[in-house]
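Colleague: Quick one, input_17.cif (mmCIF, C-alpha atoms):
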```cif
data_final
#
loop_
_atom_site.label_atom_id
_atom_site.label_comp_id
_atom_site.auth_asym_id
_atom_site.auth_seq_id
_atom_site.Cartn_x
_atom_site.Cartn_y
_atom_site.Cartn_z
CA MET X 9 122.05 56.15 93.84
CA ALA X 10 118.62 57.82 94.01
CA ALA X 11 118.29 60.98 96.03
CA ALA X 12 116.33 60.69 99.26
CA ARG X 13 112.82 62.17 99.12
CA VAL X 14 112.09 65.01 101.53
CA PRO X 15 108.81 64.44 103.40
CA LEU X 16 106.03 66.98 102.88
CA TRP X 17 105.85 67.88 106.57
CA ALA X 18 109.53 68.83 106.50
CA ILE X 19 108.94 71.17 103.56
CA CYS X 20 106.04 72.83 105.41
CA VAL X 21 108.14 73.29 108.56
CA LEU X 22 110.95 74.80 106.49
CA ARG X 23 108.53 77.18 104.80
CA VAL X 24 107.20 78.39 108.15
CA ALA X 25 110.74 78.86 109.41
CA LEU X 26 111.59 81.04 106.40
CA ALA X 27 108.52 83.26 106.82
CA THR X 28 108.67 86.33 109.02
CA VAL X 29 105.45 86.81 110.97
CA TYR X 30 105.29 90.33 112.35
CA PHE X 31 101.85 89.99 113.90
CA GLN X 32 99.28 87.22 114.28
CA GLU X 33 96.07 87.31 116.32
CA GLU X 34 93.35 84.65 116.60
CA PHE X 35 91.88 85.50 120.04
CA LEU X 36 92.22 81.93 121.32
CA ASP X 37 93.12 82.81 124.92
CA GLY X 38 89.85 84.27 126.14
CA GLU X 39 89.84 87.68 127.80
CA ARG X 40 93.64 87.95 127.68
CA TRP X 41 93.21 89.81 124.43
CA ARG X 42 92.65 92.92 126.57
CA ASN X 43 96.35 92.79 127.51
CA ARG X 44 97.34 93.21 123.85
CA TRP X 45 94.65 95.50 122.45
CA VAL X 46 94.36 99.06 123.70
CA PRO X 47 91.04 100.92 123.31
CA SER X 48 91.32 104.63 122.62
CA THR X 49 90.08 107.03 125.29
CA ASN X 50 90.21 110.04 122.96
CA ASP X 51 86.40 110.28 123.05
CA SER X 52 84.10 108.96 125.77
CA ARG X 53 81.49 108.27 123.10
CA PHE X 54 83.64 105.68 121.33
CA GLY X 55 81.93 102.31 120.99
CA HIS X 56 83.07 99.24 122.92
CA PHE X 57 84.39 95.91 121.62
CA ARG X 58 83.73 92.48 123.05
CA LEU X 59 84.98 88.98 122.21
CA SER X 60 82.30 87.03 120.37
CA SER X 61 81.74 84.43 117.66
CA GLY X 62 78.30 85.89 116.89
CA ASN X 63 74.90 84.28 116.58
CA PHE X 64 76.10 81.70 114.05
CA TYR X 65 79.60 80.37 113.46
CA GLY X 66 81.71 77.50 112.19
CA HIS X 67 83.47 76.95 115.52
CA LYS X 68 82.38 78.66 118.72
CA GLU X 69 85.93 79.27 119.99
CA LYS X 70 87.96 79.61 116.79
CA ASP X 71 85.52 82.11 115.32
CA LYS X 72 85.67 84.49 118.27
CA GLY X 73 86.92 87.94 117.39
CA LEU X 74 86.52 91.62 118.21
CA GLN X 75 82.86 92.57 117.78
CA THR X 76 81.39 96.07 117.70
CA THR X 77 78.53 96.37 120.21
CA GLN X 78 76.88 99.81 119.98
CA ASN X 79 74.99 101.42 117.12
CA SER X 80 75.94 104.76 115.58
CA ARG X 81 79.37 104.95 117.17
CA PHE X 82 82.99 105.56 116.23
CA TYR X 83 85.41 102.80 117.25
CA ALA X 84 89.14 102.97 117.89
CA ILE X 85 91.36 100.16 119.18
CA SER X 86 94.91 98.99 118.34
CA ALA X 87 97.64 96.47 119.13
CA ARG X 88 101.42 96.94 119.02
CA PHE X 89 104.16 94.65 117.74
CA LYS X 90 107.90 94.86 117.23
CA PRO X 91 108.58 97.65 114.69
CA PHE X 92 109.86 96.64 111.27
CA SER X 93 110.55 98.00 107.80
CA ASN X 94 109.27 96.28 104.68
CA LYS X 95 111.93 97.85 102.45
CA GLY X 96 112.91 95.34 99.80
CA LYS X 97 110.38 92.81 101.12
CA THR X 98 106.87 91.70 100.32
CA LEU X 99 104.25 92.91 102.79
CA ILE X 100 101.04 90.90 103.34
CA ILE X 101 98.16 92.15 105.48
CA GLN X 102 95.32 89.71 106.07
CA TYR X 103 92.28 89.37 108.32
CA THR X 104 88.67 88.19 108.40
CA VAL X 105 85.59 90.36 108.78
CA LYS X 106 81.98 89.30 109.32
CA HIS X 107 79.08 91.75 108.99
CA GLU X 108 76.63 89.54 110.85
CA GLN X 109 74.21 92.47 111.23
CA LYS X 110 73.96 92.84 107.42
CA MET X 111 75.83 96.14 107.29
CA ASP X 112 73.87 99.14 106.04
CA CYS X 113 76.52 101.82 106.60
CA GLY X 114 79.91 101.44 108.24
CA GLY X 115 83.54 100.45 107.90
CA GLY X 116 85.13 97.03 108.10
CA TYR X 117 88.70 98.07 107.30
CA ILE X 118 91.96 97.97 109.27
CA LYS X 119 94.82 100.47 109.50
CA LEU X 120 98.57 99.94 109.81
CA PHE X 121 100.29 102.58 111.97
CA PRO X 122 103.87 103.75 112.62
CA GLU X 123 105.41 102.69 115.92
CA ASP X 124 104.97 106.12 117.52
CA VAL X 125 101.17 106.11 117.25
CA ASP X 126 99.46 107.22 120.46
CA GLN X 127 97.18 104.25 121.15
CA LYS X 128 95.29 105.90 124.01
CA ASN X 129 94.59 108.89 121.80
CA LEU X 130 93.86 107.02 118.58
CA ASN X 131 91.29 108.82 116.41
CA GLY X 132 90.42 109.70 112.84
CA LYS X 133 93.29 112.18 112.61
CA SER X 134 95.97 109.67 113.67
CA GLN X 135 98.49 109.17 110.87
CA TYR X 136 98.48 105.72 109.35
CA TYR X 137 100.56 104.01 106.67
CA ILE X 138 97.96 101.73 105.08
CA MET X 139 94.18 101.52 105.20
CA PHE X 140 92.72 98.32 103.79
CA GLY X 141 89.36 96.61 103.79
CA PRO X 142 85.64 96.87 103.02
CA ASP X 143 83.48 99.95 103.42
CA ILE X 144 79.70 99.85 102.92
CA CYS X 145 77.12 102.65 102.95
CA GLY X 146 73.77 102.50 101.18
CA PHE X 147 73.51 101.37 97.58
CA ASP X 148 76.46 103.38 96.25
CA ILE X 149 79.42 102.50 98.48
CA LYS X 150 80.41 98.84 98.53
CA THR X 151 84.14 99.10 98.09
CA VAL X 152 87.47 97.72 99.26
CA HIS X 153 89.75 100.58 100.28
CA VAL X 154 93.48 100.38 99.59
CA ILE X 155 94.98 103.69 100.71
CA LEU X 156 98.72 104.36 101.07
CA HIS X 157 100.35 107.24 102.95
CA PHE X 158 103.15 109.12 101.20
CA LYS X 159 104.69 112.54 101.87
CA ASN X 160 101.94 113.56 104.30
CA GLN X 161 99.20 112.66 101.84
CA TYR X 162 96.90 109.68 101.41
CA HIS X 163 96.62 108.11 97.98
CA ALA X 164 93.76 105.78 97.06
CA ASN X 165 93.73 103.05 94.45
CA LYS X 166 91.85 104.48 91.47
CA LYS X 167 90.29 101.12 90.56
CA SER X 168 86.86 100.23 91.91
CA ILE X 169 87.18 97.06 94.01
CA ARG X 170 83.85 95.64 95.19
CA CYS X 171 83.58 94.09 98.64
CA LYS X 172 81.33 91.32 99.95
CA VAL X 173 77.98 92.52 101.32
CA ASP X 174 76.47 89.39 102.88
CA SER X 175 76.50 88.40 106.56
CA PHE X 176 79.15 85.65 106.36
CA THR X 177 82.84 85.77 107.34
CA HIS X 178 85.20 86.76 104.52
CA LEU X 179 88.99 86.71 104.23
CA TYR X 180 90.63 89.91 102.97
CA THR X 181 94.28 89.91 101.81
CA LEU X 182 96.51 92.75 100.57
CA ILE X 183 99.90 92.01 99.02
CA LEU X 184 102.44 94.78 98.34
CA ARG X 185 105.57 93.57 96.54
CA PRO X 186 108.98 95.32 96.30
CA ASP X 187 108.70 95.48 92.49
CA LEU X 188 105.80 97.98 92.95
CA THR X 189 103.11 95.42 92.09
CA TYR X 190 100.16 94.63 94.33
CA GLU X 191 97.30 92.17 94.67
CA VAL X 192 93.99 92.18 96.52
CA LYS X 193 92.33 88.88 97.40
CA ILE X 194 88.94 88.05 98.88
CA ASP X 195 88.42 84.53 100.20
CA GLY X 196 91.73 83.47 98.67
CA GLN X 197 90.75 84.56 95.16
CA SER X 198 92.55 87.40 93.38
CA ILE X 199 90.05 90.15 92.54
CA GLU X 200 92.44 92.95 91.60
CA SER X 201 96.15 93.38 90.84
CA GLY X 202 98.49 95.64 88.95
CA SER X 203 101.10 98.36 89.32
CA ILE X 204 101.21 100.74 92.27
CA GLU X 205 102.64 103.41 89.98
CA TYR X 206 99.67 103.32 87.62
CA ASP X 207 96.77 102.18 89.82
CA TRP X 208 97.12 104.82 92.54
CA GLN X 209 96.04 108.44 92.38
CA LEU X 210 99.34 110.19 91.66
CA THR X 211 97.89 113.54 90.57
CA SER X 212 99.23 115.31 93.62
CA LEU X 213 102.66 113.82 93.04
CA LYS X 214 102.71 115.10 89.46
CA LYS X 215 101.71 118.55 90.68
CA MET X 216 104.66 118.57 93.03
CA GLU X 217 106.90 117.55 90.15
CA LYS X 218 105.68 120.60 88.19
CA ALA X 219 106.57 123.07 90.94
CA SER X 220 108.97 125.90 90.22
CA ALA X 221 112.01 124.00 91.42
CA GLU X 222 111.25 121.23 88.96
CA ALA X 223 110.61 123.74 86.20
CA GLU X 224 114.12 125.07 86.74
CA GLY X 225 115.33 121.50 86.52
CA TRP X 226 113.60 121.20 83.15
CA ASP X 227 115.23 124.37 81.85
CA GLN X 228 118.67 123.14 82.84
CA ALA X 229 118.02 119.66 81.44
CA ALA X 230 116.78 121.09 78.17
CA LYS X 231 119.84 123.32 77.93
CA ASP X 232 122.21 120.45 78.62
CA LYS X 233 120.32 118.23 76.21
CA SER X 234 120.36 120.81 73.41
CA GLN X 235 124.08 121.43 73.86
CA ASP X 236 124.85 117.73 73.73
CA TRP X 237 122.57 117.33 70.75
CA GLU X 238 124.20 120.24 68.91
CA LYS X 239 127.66 118.81 69.50
CA HIS X 240 126.53 115.73 67.67
CA PHE X 241 126.62 117.77 64.46
CA LEU X 242 130.09 119.29 64.88
CA ASP X 243 132.89 118.14 62.58
CA ALA X 244 134.98 116.05 64.97
CA SER X 245 137.86 115.84 62.45
CA ALA X 246 138.27 119.62 62.21
CA SER X 247 141.17 121.37 63.99
CA LYS X 248 141.76 125.00 64.94
CA PRO X 249 143.59 126.93 62.18
CA SER X 250 147.12 128.00 63.09
CA ASP X 251 146.39 131.68 62.29
CA TRP X 252 143.19 131.81 64.41
CA ASN X 253 143.21 134.84 66.73
CA SER X 254 140.84 134.27 69.62
CA GLU X 255 140.89 137.95 70.65
CA LEU X 256 139.90 139.08 67.18
CA ASP X 257 137.99 136.10 65.87
CA GLY X 258 136.39 134.89 69.11
CA ASP X 259 136.24 131.32 70.40
CA TRP X 260 136.89 128.78 67.71
CA GLN X 261 134.27 126.12 67.03
CA ALA X 262 134.38 123.28 64.56
CA ALA X 263 132.19 123.56 61.50
CA MET X 264 128.68 122.04 61.66
CA LEU X 265 128.14 118.99 59.51
CA GLN X 266 124.43 119.74 59.42
CA LYS X 267 122.45 122.70 60.65
CA PRO X 268 120.33 121.78 63.70
CA PRO X 269 116.58 121.82 62.82
CA TYR X 270 115.63 124.56 65.32
CA GLN X 271 116.16 128.27 65.78
CA ASP X 272 117.36 130.15 68.84
CA GLY X 273 114.70 130.29 71.57
CA LEU X 274 113.00 127.07 70.51
CA LYS X 275 113.41 123.72 72.24
CA PRO X 276 115.33 120.94 70.46
CA GLU X 277 113.20 118.44 68.61
CA GLY X 278 112.41 115.28 70.57
CA ILE X 279 112.58 116.90 74.03
CA ASP X 280 109.12 117.27 75.52
CA LYS X 281 108.67 118.77 78.97
CA ASP X 282 105.81 116.47 79.99
CA VAL X 283 107.77 113.43 78.83
CA TRP X 284 110.80 114.62 80.76
CA LEU X 285 108.77 115.14 83.95
CA HIS X 286 107.16 111.71 83.67
CA GLN X 287 110.49 110.05 83.06
CA LYS X 288 112.03 111.87 86.03
CA MET X 289 109.15 110.78 88.26
CA LYS X 290 109.37 107.21 87.00
CA ASN X 291 113.12 106.89 87.36
CA ASN X 292 113.71 108.88 90.53
CA TYR X 293 110.55 109.79 92.37
CA LEU X 294 108.90 106.41 92.91
CA THR X 295 112.10 104.46 93.26
CA GLU X 296 113.75 106.84 95.69
CA TYR X 297 110.55 107.23 97.72
CA ASP X 298 108.79 103.94 97.16
CA LEU X 299 105.04 104.09 97.71
CA SER X 300 105.03 100.54 99.07
CA GLU X 301 107.88 100.92 101.57
CA PHE X 302 107.35 102.01 105.15
CA GLU X 303 109.76 102.42 108.04
CA ASN X 304 108.97 101.51 111.65
CA ILE X 305 105.61 99.83 111.10
CA GLY X 306 104.56 99.17 114.68
CA ALA X 307 100.80 98.83 115.23
CA ILE X 308 97.57 97.58 113.69
CA GLY X 309 94.17 98.94 114.56
CA LEU X 310 90.50 99.49 113.88
CA GLU X 311 89.45 103.13 113.56
CA LEU X 312 86.02 103.32 111.96
CA TRP X 313 82.35 104.32 112.15
CA GLN X 314 79.31 102.02 112.14
CA VAL X 315 75.61 102.84 112.07
CA ARG X 316 74.58 99.29 112.95
CA SER X 317 76.98 97.32 115.14
CA GLY X 318 77.78 93.61 115.16
CA THR X 319 80.82 93.26 112.89
CA ILE X 320 83.43 90.68 113.99
CA PHE X 321 87.16 91.08 113.16
CA ASP X 322 89.44 88.06 113.50
CA ASN X 323 92.51 86.17 112.21
CA PHE X 324 94.82 89.17 111.83
CA LEU X 325 98.12 88.46 110.09
CA ILE X 326 101.08 90.58 108.96
CA THR X 327 103.90 88.68 107.26
CA ASP X 328 106.38 88.77 104.37
CA ASP X 329 105.50 85.34 102.96
CA GLU X 330 102.60 84.88 100.54
CA GLU X 331 102.48 81.11 100.94
CA TYR X 332 102.37 81.37 104.73
CA ALA X 333 99.46 83.82 104.48
CA GLU X 334 97.62 81.49 102.12
CA ASN X 335 98.09 78.51 104.44
CA PHE X 336 97.08 80.56 107.48
CA GLY X 337 93.90 81.59 105.71
CA LYS X 338 93.08 77.97 104.88
CA ALA X 339 93.76 76.84 108.46
CA THR X 340 91.48 79.51 109.97
CA TRP X 341 88.74 80.86 107.71
CA GLY X 342 89.03 77.88 105.37
CA GLU X 343 88.17 75.42 108.15
CA THR X 344 85.14 77.24 109.52
CA LYS X 345 83.48 78.87 106.48
CA GLY X 346 81.52 75.71 105.59
CA PRO X 347 80.19 74.93 109.09
CA GLU X 348 79.30 78.62 109.52
CA LYS X 349 76.98 78.54 106.50
CA GLU X 350 75.51 75.23 107.64
CA MET X 351 74.65 76.67 111.07
CA ASP X 352 73.10 79.73 109.44
CA ALA X 353 70.96 77.51 107.19
CA ILE X 354 69.75 75.45 110.17
CA GLN X 355 68.84 78.60 112.09
CA ALA X 356 67.01 79.97 109.06
CA LYS X 357 64.89 76.78 108.81
CA GLU X 358 64.12 76.93 112.53
CA GLU X 359 63.04 80.55 112.21
CA VAL X 360 60.74 79.71 109.29
CA LYS X 361 59.22 76.82 111.24
CA LYS X 362 58.72 79.01 114.31
CA ALA X 363 57.10 81.73 112.21
CA GLN X 364 54.70 79.19 110.65
CA GLU X 365 53.74 77.88 114.08
CA GLU X 366 53.11 81.39 115.32
CA ASP X 367 50.93 82.11 112.29
CA GLU X 368 48.93 78.93 112.94
CA ASP X 369 48.47 79.91 116.59
CA ASP X 370 47.33 83.37 115.54
CA MET X 371 44.82 81.88 113.09
CA PHE X 372 43.47 79.51 115.77
CA MET X 373 43.17 82.29 118.29
CA GLY X 374 41.49 84.41 115.65
CA ARG X 375 38.87 81.72 115.00
CA PHE X 376 38.35 81.15 118.73
CA THR X 377 38.03 84.86 119.38
CA GLY X 378 35.58 85.18 116.51
CA ARG X 379 33.35 82.40 117.88
CA GLU X 380 33.46 83.90 121.35
CA ASN X 381 32.44 87.30 120.02
CA SER X 382 29.54 85.77 118.08
CA PHE X 383 28.35 83.97 121.21
CA ARG X 384 28.41 87.19 123.23
CA ALA X 385 26.60 89.10 120.49
CA PHE X 386 23.86 86.40 120.39
CA HIS X 387 23.25 86.69 124.12
CA ARG X 388 23.18 90.49 123.94
CA ARG X 389 20.53 90.31 121.24
CA ASN X 390 18.41 87.90 123.38
CA GLU X 391 18.58 90.31 126.30
CA PHE X 392 16.56 92.80 124.33
#
```
What do you get writing this file as structure tokens?
Modeller:
Amino acid sequence: MAAARVPLWAICVLRVALATVYFQEEFLDGERWRNRWVPSTNDSRFGHFRLSSGNFYGHKEKDKGLQTTQNSRFYAISARFKPFSNKGKTLIIQYTVKHEQKMDCGGGYIKLFPEDVDQKNLNGKSQYYIMFGPDICGFDIKTVHVILHFKNQYHANKKSIRCKVDSFTHLYTLILRPDLTYEVKIDGQSIESGSIEYDWQLTSLKKMEKASAEAEGWDQAAKDKSQDWEKHFLDASASKPSDWNSELDGDWQAAMLQKPPYQDGLKPEGIDKDVWLHQKMKNNYLTEYDLSEFENIGAIGLELWQVRSGTIFDNFLITDDEEYAENFGKATWGETKGPEKEMDAIQAKEEVKKAQEEDEDDMFMGRFTGRENSFRAFHRRNEF
């Protein structure tokens, strides 16, 4: 008897049920977003956000998001959700950002905060767990930041990840997996991936490992290692002679089968301090204090600076399921990216046509003005 086929819709429903969605925001309920997002009052000069889909869009309602509105301002706003820990789980952070104003200098990144963040006092000094997203300034800085907080320090990915610089909406996705691998996607395409251990700036961690306390650990480890290594060369079949006098002859030790290839005061061959420190960090440091694990994640926010305003942030998602994030991206950004470009192209053609008409009007008025001036000059000459 053939097994019954499971319909596709049932598989999709099951997949959604298995995914844990910690936060999801599409701004589909009008001004009610103000009940969920808290602007910081730390500085009266902070810029204000409004809900907008911009001057061109794929869908007027679906493309509405938080838009910066004032030039040369800092911005700070955040939203809470039920605190969670990603220990032993995959963590996906995803959102869309649109630099409609053709960004010259400013941030388009988001930050993930611990649950005890002071939303009303949110500012550049507020501790965050993760900073992710594009940052543009001039010709030199066009990068995607991926910064992780660990032991009161921030550690940046040492790889250069280039962001999008045009004026269209783009989908940014960060995936942190429990096996210490990560992946960065833009518009659903993987642009960077690798190991958190090797792709993050761990210089400060290595310095801490080389502190005095760790140096003492090395001395003890080397001593233990040399003793164990030396015992390897003792004659295990030897036994203490019956006439051995410990008081006169000292402690008995079995004869060496081979003299160890080092002298007193020198380290045993094969034990290198740098290798030992790296191995200790690899085996204990990053596994005991995992760079990709965070307790009590409880808020997401925008804390950034922009010279020219107009950026729109939308379609925020925090989940533990990569497939759910991919499908969410297709259902939001994927549905409106095409129509958005079409509307922009239509507007561009209309602007060109309008400019041509204005040029023609200027030329006509120029000819008319020229004839009128000639007529007046003729009459002035006849008056003399």
Colleague: Can you list what the PyMOL selection byres ((chain X and resi 39-44) around 10) grabs from this structure, as a PyMOL selection string?
Modeller: chain X and resi 33-38+45-47+58-59+73-74+86-89
Colleague: To one decimal in Å, tell me the separation between atom CA of Leu156 of chain X and atom CA of Ser175 of chain X.
Modeller: 27.9 Å
Colleague: If you apply the PyMOL selection byres ((chain X and resi 99) around 7) to this file, what residues do you get, as a list in words?
Modeller: Asn94, Lys97, Thr98, Ile100, Ile101, Ile183, Leu184, Arg185, Thr327 and Asp328 of chain X
Colleague: Rank X:Phe64, X:Phe176, X:Tyr103, X:Phe140 by their smallest atom-to-atom distance to Thr340 of chain X, using only C-alpha atoms, and report the top residue only.
Modeller: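 Smallest distance to Thr340 of chain X is found for X:Tyr103.
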Colleague: Smallest atom-to-atom distance to Thr177 of chain X: which of X:Asp195, X:Asp207, X:Glu358, X:Asp124, using all atoms listed in the file?
Modeller: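 So, comparing all the options, the nearest one is X:Asp195.
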Colleague: In Å, rounded to a single decimal, give me how far atom CA of Glu301 of chain X is from atom CA of Gln127 of chain X.
Modeller: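 Here the two named atoms are 22.6 Å from each other.
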Colleague: Identify, on the basis of all atoms listed in the file, every residue whose closest approach to Asn131 of chain X does not exceed 7 Å; exclude the query and any residue fewer than 4 positions from it along the same chain; express the result as a PDB file with C-alpha atoms, in the coordinates of the input.
Modeller:
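Generated file (result-v7.pdb):
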```pdb
ATOM      1  CA  ASN X  50      90.210 110.040 122.960  1.00  0.00           C
ATOM      2  CA  ALA X  84      89.140 102.970 117.890  1.00  0.00           C
ATOM      3  CA  GLU X 311      89.450 103.130 113.560  1.00  0.00           C
TER       4      GLU X 311
END
```
Colleague: Report, in Å with one decimal, the straight-line distance from atom CA of Gly318 of chain X to atom CA of Ile169 of chain X.
Modeller: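 Answer for the atom CA of Gly318 of chain X to atom CA of Ile169 of chain X separation: 23.4 Å.
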Colleague: Would you please work out which residue, of X:Ser300, X:Asn160, X:Ser198, X:Gln364, is nearest to Ile138 of chain X when using all atoms listed in the file?
Modeller: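 Residue with the minimum atom-to-atom distance to Ile138 of chain X: X:Ser300.
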Colleague: Would you mind telling me which residue in X:Asp143, X:Ile194, X:Gly96, X:Leu310 lies nearest to Phe54 of chain X when using all atoms listed in the file?
Modeller: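 Using all atoms listed in the file, the shortest distance to Phe54 of chain X belongs to X:Leu310.
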Colleague: I need the output of the PyMOL selection byres ((chain X and resi 312) around 10) for this file as an mmCIF file with C-alpha atoms, in the frame of the given file; which residues are they?
Modeller:
```cif
data_model
loop_
_atom_site.group_PDB
_atom_site.id
_atom_site.type_symbol
_atom_site.label_atom_id
_atom_site.label_comp_id
_atom_site.auth_asym_id
_atom_site.auth_seq_id
_atom_site.Cartn_x
_atom_site.Cartn_y
_atom_site.Cartn_z
ATOM 1 C CA PHE X 54 83.640 105.680 121.330
ATOM 2 C CA GLY X 55 81.930 102.310 120.990
ATOM 3 C CA ARG X 81 79.370 104.950 117.170
ATOM 4 C CA PHE X 82 82.990 105.560 116.230
ATOM 5 C CA TYR X 83 85.410 102.800 117.250
ATOM 6 C CA ALA X 84 89.140 102.970 117.890
ATOM 7 C CA ILE X 85 91.360 100.160 119.180
ATOM 8 C CA GLY X 114 79.910 101.440 108.240
ATOM 9 C CA GLY X 115 83.540 100.450 107.900
ATOM 10 C CA GLY X 116 85.130 97.030 108.100
ATOM 11 C CA TYR X 117 88.700 98.070 107.300
ATOM 12 C CA ILE X 118 91.960 97.970 109.270
ATOM 13 C CA LYS X 119 94.820 100.470 109.500
ATOM 14 C CA ASN X 131 91.290 108.820 116.410
ATOM 15 C CA GLY X 132 90.420 109.700 112.840
ATOM 16 C CA ASP X 143 83.480 99.950 103.420
ATOM 17 C CA GLY X 309 94.170 98.940 114.560
ATOM 18 C CA LEU X 310 90.500 99.490 113.880
ATOM 19 C CA GLU X 311 89.450 103.130 113.560
ATOM 20 C CA TRP X 313 82.350 104.320 112.150
ATOM 21 C CA GLN X 314 79.310 102.020 112.140
#
```
